[in-house]
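First up is the structure itself, then whatever we jot down about it.
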Amino acid sequence: HDLRNEDLKDMQELGQGNGGSVKKVEHVPTGTIMAKKIVLIDAKPSVRKQILRELQIMHDCNSNYIISFYGAFISDPNICICMEYMDKGSLDGIYKKIGPIDIEVVGKVALAVLEGLTYLYDVHRIIHRDIKPSNILFNSKGQIKICDFGVSGELINSIADTFVGTSTYMSPERIQGAQYTVKSDVWSLGISLIELALGRFPFSDSSSDDSDLSDFEGTLSPARPGPLPPLTRAQKDKKKKRKSRGVSLQGGGMTMSILELLQHIVNESAPRLTPEGRFPKEAEDFVDSCLLKNPDERRTPKDLLKHPWVEHSRTATIDLEAWASTF
Ligand code: ATP
Ligand code: MG
């Protein structure tokens, strides 16, 4: 039956993203606890209705690895999406609270995300487009599920037109303006897994000579669709100067740093699970295969489900419910 805003009682703010905010709410008539995502979009009523129609596909997305969907409605000027509430929140929040995540747990995350992506693509031909720790959710039953996938083309357009950030989980081919494929999600998974295992965003590696990149926290705005221009000589000079003085630029300088990071992803070798020997060889190898810069060489989620580390993770007996009770 139709969800109505009047039936939802706000309980708690769960977080803010670039495109809106998420609240824990109670659906009073049924007593169901839900997460309500409020997406502010500047679009015509006809476009809003189209988005709402497209979102209905989520009713058919039934998988243990995908957040369930209760319904969506327009609450002018917003679109509200009501979904399953995950009481342990997203994995970025978890590692920021407890530090680097045990590699066995990270293996379960890899398995869950690959299963979710394979389901979305095989059954619905949906590409996620926004894999990152804040879109991987965990609950006290020990379940790992993905959310915020690109079901509605119209919603993707509306958000891109307004203000959603360029994600630093974006694959090199996407940064260069290529179409999204399921392999772009695999790249984003690789970056996310390193982040969880190390407890920090991988492009903040202090061994890289560009220590400025450590300022990054994932998503940056405004959107920068399409290929990026090369650095101009003036920008390069500025960069040199800044490095030699060790100062970080404010304001407009931020834009420079976004360019630097995106160029870094395109031009430098991909990050790895380091230091060598700290993690199982199979985990290192899995991450390396997610982060092959050439999308033709990179495998699909379905194919990666057969990787030895993922097969190991499938049979691993680590008790995620017990782990969840530790924080
Ligand atoms: P971005 O806007 O860049 O995608 P984000 O994913 O952090 O970033 P939102 O999708 O708006 O932004 O989510 C905000 C926060 O709300 C998340 O970080 C997550 O911790 C929390 N959250 C989202 N969905 C749920 C849910 N179903 N259950 C519990 N917490 C959730
Ligand atoms: Mg999100």
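Ordering of the structure tokens sets the chain letters (A, B, ...); residue numbers start at 1 within each chain; ligands are numbered from 1 in the order shown.
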Quick one: residues within 10 Å of Thr317 of chain A, only C-alpha atoms, excluding same-chain residues fewer than 4 positions away - as a compact mmCIF listing (two decimals) with N, CA and C atoms, in the first residue's frame?
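Dumped to part20.txt:
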```txt
# COMPACT_ATOMS: atom_id res chain seq x y z
N GLU A 104 39.23 -10.74 7.36
CA GLU A 104 38.21 -11.78 7.18
C GLU A 104 36.82 -11.15 6.99
N HIS A 312 37.06 -18.53 -0.58
CA HIS A 312 37.46 -18.71 0.81
C HIS A 312 36.52 -17.97 1.74
N SER A 313 36.20 -16.72 1.36
CA SER A 313 35.32 -15.89 2.20
C SER A 313 33.94 -16.51 2.33
```
Go through segment 37-123 of chain A residue by residue and, counting only C-alpha atoms, keep those with an atom at most 12 Å from segment 272-282 of chain A; for each kept residue give the shortest atom pair and its distance in Å to one decimal, ordered by chain and increasing number, as a tab-separated table.
```
residue	atom	partner	partner_atom	distance
A:Ile101	CA	A:Phe279	CA	11.8
A:Asp102	CA	A:Phe279	CA	9.8
A:Ile103	CA	A:Phe279	CA	7.2
A:Glu104	CA	A:Pro280	CA	9.7
A:Val106	CA	A:Phe279	CA	11.0
A:Gly107	CA	A:Glu282	CA	10.3
```
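Comparing the minimum interatomic distances between Tyr180 of chain A and each of A:Ile94, A:Gly20, A:Thr168, A:Ile126, counting only C-alpha atoms, we find that A:Ile126 sits nearest.
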Requested in this report: Per DSSP on the backbone, filter segment 122-185 of chain A down to the residues in helix (DSSP H, G or I) and report them as a list in words.
Outcome: Asp122, Val123, His124, Pro133, Ser134, Asn135, Gly153, Glu154, Leu155, Ile156, Asn157, Ser158, Ile159, Ala160, Asp161, Thr162, Pro172, Glu173, Arg174, Ile175, Val182, Lys183, Ser184 and Asp185 of chain A
Report summary line: Gln143 of chain A proximity check over A:Met11, A:Val310, A:Val39, A:Val113, using only C-alpha atoms: winner is A:Val113
At a cut-off of 6 Å, can you tabulate as CSV every residue of chain A near ligand 2 together with its closest atom pair and the distance in Å to one decimal, using only C-alpha atoms and all ligand atoms and ordering rows by chain then number?
```
residue,atom,partner,partner_atom_place_in_ligand_line,distance
A:Ser134,CA,ligand 2,1 (Mg),5.5
A:Asn135,CA,ligand 2,1 (Mg),4.6
A:Asp148,CA,ligand 2,1 (Mg),5.4
```
Report task. Just the residues within 12 Å of Asn267 of chain A, please, counting only C-alpha atoms, with nothing from its chain fewer than 5 positions along; format it as a list in words. Result ->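 Contacts, with the query itself left out: Ser171, Pro172, Glu173, Ile175, Gln176, Pro230, Leu259, Glu260, Leu261, Leu262, Lys293 and Asn294 of chain A.
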Query raised in the report: In segment 54-112 of chain A, what's strand (DSSP E) per DSSP? Answer as a list of chain:residue names?
Result: A:Phe69, A:Tyr70, A:Gly71, A:Ala72, A:Phe73, A:Ile74, A:Ser75, A:Asn78, A:Ile79, A:Cys80, A:Ile81, A:Cys82, A:Met83, A:Glu84
Keeping N, CA and C atoms for every residue in the selection just given, could you write it to a file as a CSV table (one decimal), in the first residue's frame?
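What follows is the written file part17.csv:
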```
chain,number,residue,atom,x,y,z
A,69,PHE,N,13.2,-2.3,-0.1
A,69,PHE,CA,12.5,-1.1,-0.5
A,69,PHE,C,11.1,-1.1,0.0
A,70,TYR,N,10.7,0.0,0.7
A,70,TYR,CA,9.3,0.0,1.2
A,70,TYR,C,8.4,0.9,0.3
A,71,GLY,N,9.0,1.9,-0.4
A,71,GLY,CA,8.3,2.7,-1.3
A,71,GLY,C,8.9,4.1,-1.4
A,72,ALA,N,8.4,4.9,-2.3
A,72,ALA,CA,8.9,6.3,-2.5
A,72,ALA,C,7.7,7.2,-2.8
A,73,PHE,N,7.9,8.4,-2.4
A,73,PHE,CA,6.8,9.4,-2.7
A,73,PHE,C,7.4,10.8,-2.8
A,74,ILE,N,6.6,11.7,-3.4
A,74,ILE,CA,7.1,13.0,-3.6
A,74,ILE,C,6.5,13.8,-2.4
A,75,SER,N,7.4,14.6,-1.8
A,75,SER,CA,7.0,15.5,-0.7
A,75,SER,C,7.7,16.8,-1.1
A,78,ASN,N,10.9,17.6,-2.4
A,78,ASN,CA,11.8,16.4,-2.3
A,78,ASN,C,11.2,15.2,-2.8
A,79,ILE,N,12.1,14.2,-3.1
A,79,ILE,CA,11.6,12.8,-3.3
A,79,ILE,C,12.1,12.0,-2.1
A,80,CYS,N,11.2,11.3,-1.5
A,80,CYS,CA,11.5,10.5,-0.3
A,80,CYS,C,11.6,9.0,-0.7
A,81,ILE,N,12.6,8.3,-0.3
A,81,ILE,CA,12.8,6.9,-0.6
A,81,ILE,C,12.9,6.2,0.7
A,82,CYS,N,11.9,5.3,1.0
A,82,CYS,CA,11.9,4.6,2.3
A,82,CYS,C,12.5,3.2,2.1
A,83,MET,N,13.5,2.9,2.9
A,83,MET,CA,14.1,1.6,2.7
A,83,MET,C,14.4,0.9,4.1
A,84,GLU,N,14.8,-0.3,4.0
A,84,GLU,CA,15.2,-1.1,5.2
A,84,GLU,C,16.2,-0.3,6.0
```
Requested in this report: Considering only C-alpha atoms, return as an MDAnalysis selection string whatever protein or nucleic-acid residues lie within 7 Å of segment 50-56 of chain A, sequence-local ones (same chain, fewer than 2 positions apart) excluded.
Outcome: chainID A and resid 46:48 58:59 72:73 151:152 154:155
Using C-alpha atoms, can you export the residues from the last selection as a tab-separated table (two decimals), in the first residue's frame?
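Listing of out18.tsv after writing:
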```tsv
chain	number	residue	atom	x	y	z
A	46	SER	CA	6.61	15.50	-14.80
A	47	VAL	CA	10.24	14.54	-14.24
A	48	ARG	CA	9.58	13.87	-10.57
A	58	MET	CA	13.21	-1.40	-6.46
A	59	HIS	CA	10.11	-3.29	-5.35
A	72	ALA	CA	8.90	6.25	-2.49
A	73	PHE	CA	6.82	9.39	-2.68
A	151	VAL	CA	17.78	2.40	-10.66
A	152	SER	CA	16.37	5.59	-12.04
A	154	GLU	CA	15.99	10.19	-14.61
A	155	LEU	CA	17.12	10.53	-10.99
```
Query raised in the report: What lies within 12 Å of Asp296 of chain A using only C-alpha atoms, ignoring chain neighbours under 5 positions off, as a PyMOL selection string?
Result: chain A and resi 173+181-184+289-291
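Using only C-alpha atoms and all ligand atoms for every distance, the candidate list A:Val109, A:Ile98, A:Ile131, A:Ile318 yields A:Ile131 as the residue closest to ligand 1.
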**Report entry** Shell of 10 Å around ligand 1 (only C-alpha atoms and all ligand atoms), written as a ChimeraX atom specification
**Finding:** /A:13-24,33-39,67-69,81-94,130-139,145-149,164-167,217-221
Export of prior selection with C-alpha atoms as a PDB file, in the first residue's frame:
```pdb
ATOM      1  CA  GLU A  13      19.057  11.778  11.834  1.00  0.00           C
ATOM      2  CA  LEU A  14      21.286   9.061  10.339  1.00  0.00           C
ATOM      3  CA  GLY A  15      23.504  11.112   8.108  1.00  0.00           C
ATOM      4  CA  GLN A  16      23.892  13.662   5.392  1.00  0.00           C
ATOM      5  CA  GLY A  17      25.255  13.059   1.940  1.00  0.00           C
ATOM      6  CA  ASN A  18      25.770  15.235  -1.068  1.00  0.00           C
ATOM      7  CA  GLY A  19      22.314  14.649  -2.465  1.00  0.00           C
ATOM      8  CA  GLY A  20      20.236  14.849   0.697  1.00  0.00           C
ATOM      9  CA  SER A  21      19.830  13.356   4.129  1.00  0.00           C
ATOM     10  CA  VAL A  22      18.720  10.102   5.723  1.00  0.00           C
ATOM     11  CA  LYS A  23      16.510   9.773   8.799  1.00  0.00           C
ATOM     12  CA  LYS A  24      15.470   6.849  10.922  1.00  0.00           C
ATOM     13  CA  ILE A  33      11.289   1.128  11.504  1.00  0.00           C
ATOM     14  CA  MET A  34      12.611   2.484   8.210  1.00  0.00           C
ATOM     15  CA  ALA A  35      15.361   4.664   6.806  1.00  0.00           C
ATOM     16  CA  LYS A  36      13.910   7.608   4.896  1.00  0.00           C
ATOM     17  CA  LYS A  37      16.180   9.204   2.349  1.00  0.00           C
ATOM     18  CA  ILE A  38      15.221  12.723   1.369  1.00  0.00           C
ATOM     19  CA  VAL A  39      16.558  13.712  -2.028  1.00  0.00           C
ATOM     20  CA  ILE A  67      18.581  -3.130   0.928  1.00  0.00           C
ATOM     21  CA  SER A  68      14.836  -3.755   0.731  1.00  0.00           C
ATOM     22  CA  PHE A  69      12.544  -1.056  -0.472  1.00  0.00           C
ATOM     23  CA  ILE A  81      12.783   6.918  -0.595  1.00  0.00           C
ATOM     24  CA  CYS A  82      11.935   4.566   2.254  1.00  0.00           C
ATOM     25  CA  MET A  83      14.145   1.572   2.731  1.00  0.00           C
ATOM     26  CA  GLU A  84      15.189  -1.075   5.183  1.00  0.00           C
ATOM     27  CA  TYR A  85      16.882   0.374   8.255  1.00  0.00           C
ATOM     28  CA  MET A  86      20.315  -1.099   8.967  1.00  0.00           C
ATOM     29  CA  ASP A  87      21.045  -0.626  12.633  1.00  0.00           C
ATOM     30  CA  LYS A  88      24.858  -0.743  12.436  1.00  0.00           C
ATOM     31  CA  GLY A  89      25.012   1.884   9.715  1.00  0.00           C
ATOM     32  CA  SER A  90      27.466   2.116   6.856  1.00  0.00           C
ATOM     33  CA  LEU A  91      30.974   0.683   6.763  1.00  0.00           C
ATOM     34  CA  ASP A  92      32.649   4.081   6.644  1.00  0.00           C
ATOM     35  CA  GLY A  93      31.050   4.940   9.959  1.00  0.00           C
ATOM     36  CA  ILE A  94      32.115   1.576  11.377  1.00  0.00           C
ATOM     37  CA  ASP A 130      28.162   4.421  -6.551  1.00  0.00           C
ATOM     38  CA  ILE A 131      29.949   1.659  -4.660  1.00  0.00           C
ATOM     39  CA  LYS A 132      31.751   3.082  -1.634  1.00  0.00           C
ATOM     40  CA  PRO A 133      31.830   2.343   2.092  1.00  0.00           C
ATOM     41  CA  SER A 134      28.944   4.732   2.860  1.00  0.00           C
ATOM     42  CA  ASN A 135      26.716   2.726   0.524  1.00  0.00           C
ATOM     43  CA  ILE A 136      27.518  -0.626   2.105  1.00  0.00           C
ATOM     44  CA  LEU A 137      25.379  -1.168   5.190  1.00  0.00           C
ATOM     45  CA  PHE A 138      25.615  -3.554   8.093  1.00  0.00           C
ATOM     46  CA  ASN A 139      23.179  -4.738  10.757  1.00  0.00           C
ATOM     47  CA  LYS A 145      23.825  -5.078   2.004  1.00  0.00           C
ATOM     48  CA  ILE A 146      24.324  -2.442  -0.649  1.00  0.00           C
ATOM     49  CA  CYS A 147      22.131   0.624  -1.168  1.00  0.00           C
ATOM     50  CA  ASP A 148      21.859   3.735  -3.358  1.00  0.00           C
ATOM     51  CA  PHE A 149      22.176   2.021  -6.709  1.00  0.00           C
ATOM     52  CA  VAL A 164      26.234  15.646  -6.659  1.00  0.00           C
ATOM     53  CA  GLY A 165      29.943  15.282  -6.363  1.00  0.00           C
ATOM     54  CA  THR A 166      32.530  13.629  -8.478  1.00  0.00           C
ATOM     55  CA  SER A 167      33.343  10.519  -6.605  1.00  0.00           C
ATOM     56  CA  GLU A 217      37.321  12.222   2.058  1.00  0.00           C
ATOM     57  CA  GLY A 218      35.590  10.476  -0.777  1.00  0.00           C
ATOM     58  CA  THR A 219      33.145  12.645  -2.599  1.00  0.00           C
ATOM     59  CA  LEU A 220      33.846  16.031  -4.004  1.00  0.00           C
ATOM     60  CA  SER A 221      31.619  18.573  -5.604  1.00  0.00           C
TER      61      SER A 221
END
```
